[in-house]
>>> print(open('protein23.txt').read())   # compact mmCIF, C-alpha atoms
# COMPACT_ATOMS: atom_id res chain seq x y z
CA MET A 1 96.75 -77.46 76.40
CA THR A 2 98.53 -74.62 74.62
CA MET A 3 95.16 -73.01 73.93
CA SER A 4 93.61 -73.61 77.35
CA VAL A 5 96.36 -72.35 79.69
CA SER A 6 96.15 -68.86 81.11
CA SER A 7 99.84 -67.93 81.22
CA LEU A 8 102.56 -67.49 78.63
CA GLU A 9 104.92 -69.70 80.62
CA GLY A 10 102.38 -72.53 80.60
CA ALA A 11 101.79 -72.13 76.88
CA LEU A 12 105.53 -72.24 76.20
CA PHE A 13 105.89 -75.41 78.31
CA TRP A 14 103.11 -77.21 76.44
CA ARG A 15 104.39 -75.97 73.09
CA ARG A 16 107.86 -77.28 73.88
CA LEU A 17 106.47 -80.64 74.99
CA MET A 18 104.25 -80.93 71.89
CA ASP A 19 107.08 -80.03 69.53
CA SER A 20 109.46 -82.46 71.23
CA GLY A 21 107.26 -85.28 70.02
CA ALA A 22 106.52 -83.74 66.64
CA VAL A 23 110.16 -83.39 65.58
CA LEU A 24 110.62 -87.14 65.98
CA ILE A 25 107.75 -88.05 63.65
CA PRO A 26 109.70 -87.84 60.35
CA ALA A 27 112.47 -90.15 61.60
CA PHE A 28 109.99 -92.65 63.02
CA TRP A 29 107.91 -92.52 59.84
CA ILE A 30 110.82 -93.18 57.46
CA HIS A 31 112.01 -95.96 59.77
CA PHE A 32 108.53 -97.50 59.57
CA VAL A 33 108.50 -97.23 55.75
CA TYR A 34 111.97 -98.81 55.53
CA SER A 35 110.83 -101.65 57.79
CA MET A 36 107.64 -102.23 55.82
CA LEU A 37 109.53 -102.31 52.51
CA ASP A 38 112.44 -104.28 53.99
CA LEU A 39 114.98 -101.69 52.84
CA LYS A 40 118.50 -101.74 54.24
CA ASN A 41 119.91 -98.22 53.60
CA LYS A 42 120.91 -97.31 57.15
CA GLY A 43 122.59 -94.08 56.00
CA VAL A 44 119.23 -92.42 55.30
CA LEU A 45 117.85 -93.57 58.64
CA ILE A 46 120.88 -92.28 60.51
CA LYS A 47 120.62 -88.89 58.77
CA CYS A 48 116.91 -88.63 59.59
CA TYR A 49 117.51 -89.47 63.24
CA LEU A 50 120.38 -86.95 63.42
CA ILE A 51 118.17 -84.24 61.93
CA SER A 52 115.41 -85.07 64.41
CA ALA A 53 117.90 -85.04 67.29
CA THR A 54 119.21 -81.64 66.16
CA LEU A 55 115.69 -80.25 66.00
CA LEU A 56 114.97 -81.69 69.44
CA VAL A 57 118.05 -79.93 70.84
CA LEU A 58 116.99 -76.64 69.18
CA ASN A 59 113.52 -77.04 70.67
CA ILE A 60 114.86 -77.64 74.17
CA ALA A 61 117.58 -74.98 73.90
CA ASP A 62 114.88 -72.47 72.94
CA ASN A 63 114.13 -72.38 76.68
CA TRP A 64 117.47 -70.63 77.33
CA ILE A 65 118.14 -69.03 73.95
CA PRO A 66 114.78 -67.70 72.73
CA GLY A 67 114.31 -67.62 68.99
CA LEU A 68 116.05 -70.89 68.12
CA PHE A 69 112.81 -72.73 67.52
CA VAL A 70 110.07 -70.13 67.91
CA SER A 71 110.30 -66.38 67.83
CA GLY A 72 107.50 -65.99 70.37
CA MET A 73 103.87 -66.59 71.11
CA VAL A 74 101.25 -63.98 70.34
CA GLU A 75 97.49 -63.60 70.40
CA LYS A 76 96.13 -64.36 66.95
CA ASN A 77 92.52 -64.72 65.83
CA ILE A 78 90.80 -67.04 68.31
CA PHE A 79 94.06 -68.24 69.89
CA ARG A 80 95.31 -66.64 73.06
CA PHE A 81 98.82 -68.05 72.51
CA TYR A 82 99.88 -68.75 68.93
CA VAL A 83 103.39 -69.73 67.86
CA ASN A 84 105.44 -67.41 65.68
CA ALA A 85 107.75 -69.70 63.73
CA GLY A 86 111.47 -69.36 64.22
CA PHE A 87 114.50 -70.94 62.56
CA GLY A 88 113.91 -74.41 64.00
CA TYR A 89 110.29 -74.51 62.86
CA TYR A 90 111.35 -73.87 59.28
CA LEU A 91 113.96 -76.63 59.50
CA PHE A 92 111.31 -78.95 60.91
CA LEU A 93 108.92 -78.11 58.08
CA LEU A 94 111.64 -78.74 55.50
CA SER A 95 112.65 -82.08 57.03
CA PHE A 96 109.02 -83.15 57.34
CA TRP A 97 108.20 -82.48 53.70
CA LEU A 98 111.43 -84.07 52.44
CA VAL A 99 110.72 -87.25 54.39
CA VAL A 100 107.07 -87.35 53.31
CA THR A 101 107.96 -86.84 49.65
CA TYR A 102 110.75 -89.43 49.77
CA SER A 103 108.58 -91.98 51.60
CA ILE A 104 105.72 -91.56 49.10
CA PHE A 105 108.22 -92.13 46.29
CA LEU A 106 109.42 -95.32 48.01
CA LEU A 107 105.89 -96.55 48.66
CA ILE A 108 104.86 -96.04 45.03
>>> encode(input="protein23.txt", output="structure tokens")
Amino acid sequence: MTMSVSSLEGALFWRRLMDSGAVLIPAFWIHFVYSMLDLKNKGVLIKCYLISATLLVLNIADNWIPGLFVSGMVEKNIFRFYVNAGFGYYLFLLSFWLVVTYSIFLLI
């Protein structure tokens, strides 16, 4: 929807909705891996959920304080509205890759 809307406001709404789900993926994934491997370290799970909750708050607060999650949306290549990453996006990327790396280590 971000690519098919005609207004910046619509693109921002769909971006915020999409990212609200995406920031929860690392916590849900590590929870799934812990369940599959029957691991009991709740400290790691709590930290992952807290990080995801923080990112979710940054994503939502970006509505009132622009720049917390994205620094804007611009026209780029074939995209009418393309996200310029902000502080929250970099935190999300870091948390995602840490969880993926850790979960692969656990699975191996």
>>> residues_around(input="protein23.txt", residues="A:Ile51", least_positions_apart="3", cutoff="10 Å", atoms="all atoms listed in the file", output="list in words")
Val23, Leu24, Pro26, Ala27, Leu45, Ile46, Lys47, Cys48, Thr54, Leu55, Leu56, Val57, Leu91, Phe92 and Ser95 of chain A
>>> closest_atom_pairs(input="protein23.txt", of="stretch 47-97 of chain A", to="stretch 10-19 of chain A", cutoff="12 Å", atoms="only C-alpha atoms", output="tab-separated table")
residue	atom	partner	partner_atom	distance
A:Ser52	CA	A:Asp19	CA	11.0
A:Leu55	CA	A:Asp19	CA	9.3
A:Leu56	CA	A:Asp19	CA	8.1
A:Val57	CA	A:Arg16	CA	11.0
A:Leu58	CA	A:Arg16	CA	10.3
A:Asn59	CA	A:Arg16	CA	6.5
A:Ile60	CA	A:Arg16	CA	7.0
A:Ala61	CA	A:Arg16	CA	10.0
A:Asp62	CA	A:Arg16	CA	8.6
A:Asn63	CA	A:Arg16	CA	8.4
A:Pro66	CA	A:Leu12	CA	10.9
A:Leu68	CA	A:Arg16	CA	11.9
A:Phe69	CA	A:Arg16	CA	9.3
A:Val70	CA	A:Arg16	CA	9.6
A:Ser71	CA	A:Leu12	CA	11.3
A:Gly72	CA	A:Leu12	CA	8.8
A:Met73	CA	A:Leu12	CA	7.8
A:Val74	CA	A:Ala11	CA	10.5
A:Glu75	CA	A:Ala11	CA	11.5
A:Phe79	CA	A:Ala11	CA	11.1
A:Arg80	CA	A:Ala11	CA	9.3
A:Phe81	CA	A:Ala11	CA	6.7
A:Tyr82	CA	A:Ala11	CA	8.8
A:Val83	CA	A:Arg15	CA	8.2
A:Asn84	CA	A:Arg15	CA	11.4
A:Ala85	CA	A:Arg15	CA	11.8
A:Gly88	CA	A:Asp19	CA	10.4
A:Tyr89	CA	A:Asp19	CA	9.2
A:Phe92	CA	A:Asp19	CA	9.7
A:Leu93	CA	A:Asp19	CA	11.8
>>> atom_distance(input="protein23.txt", atom1="atom CA of A:Val44", atom2="atom CA of A:Ile30")
8.7 Å
>>> atom_distance(input="protein23.txt", atom1="atom CA of A:Asn41", atom2="atom CA of A:Leu94")
21.2 Å
>>> closest_residue(input="protein23.txt", among="A:Ala22, A:Met1, A:Val33, A:Leu8", to="A:Ser103", atoms="only C-alpha atoms")
A:Val33
>>> closest_residue(input="protein23.txt", among="A:Tyr34, A:Trp64, A:Phe28, A:Phe87", to="A:Leu50", atoms="all atoms listed in the file")
A:Phe28
>>> axis_aligned_box(input="protein23.txt", around="stretch 17-26 of chain A", padding_each_side="6 Å", output="AutoDock Vina command-line options")
--center_x 107.4 --center_y -84.0 --center_z 67.7 --size_x 18.4 --size_y 20.0 --size_z 26.6
>>> residues_around(input="protein23.txt", residues="A:Ile25", least_positions_apart="4", cutoff="10 Å", atoms="all atoms listed in the file", output="ChimeraX atom specification")
/A:19-21,29-31,49,52,96,99
>>> closest_residue(input="protein23.txt", among="A:Leu37, A:Gly67, A:Ser4, A:Phe32", to="A:Leu107", atoms="all atoms listed in the file")
A:Leu37
>>> atom_distance(input="protein23.txt", atom1="atom CA of A:Met36", atom2="atom CA of A:Ile108")
12.7 Å
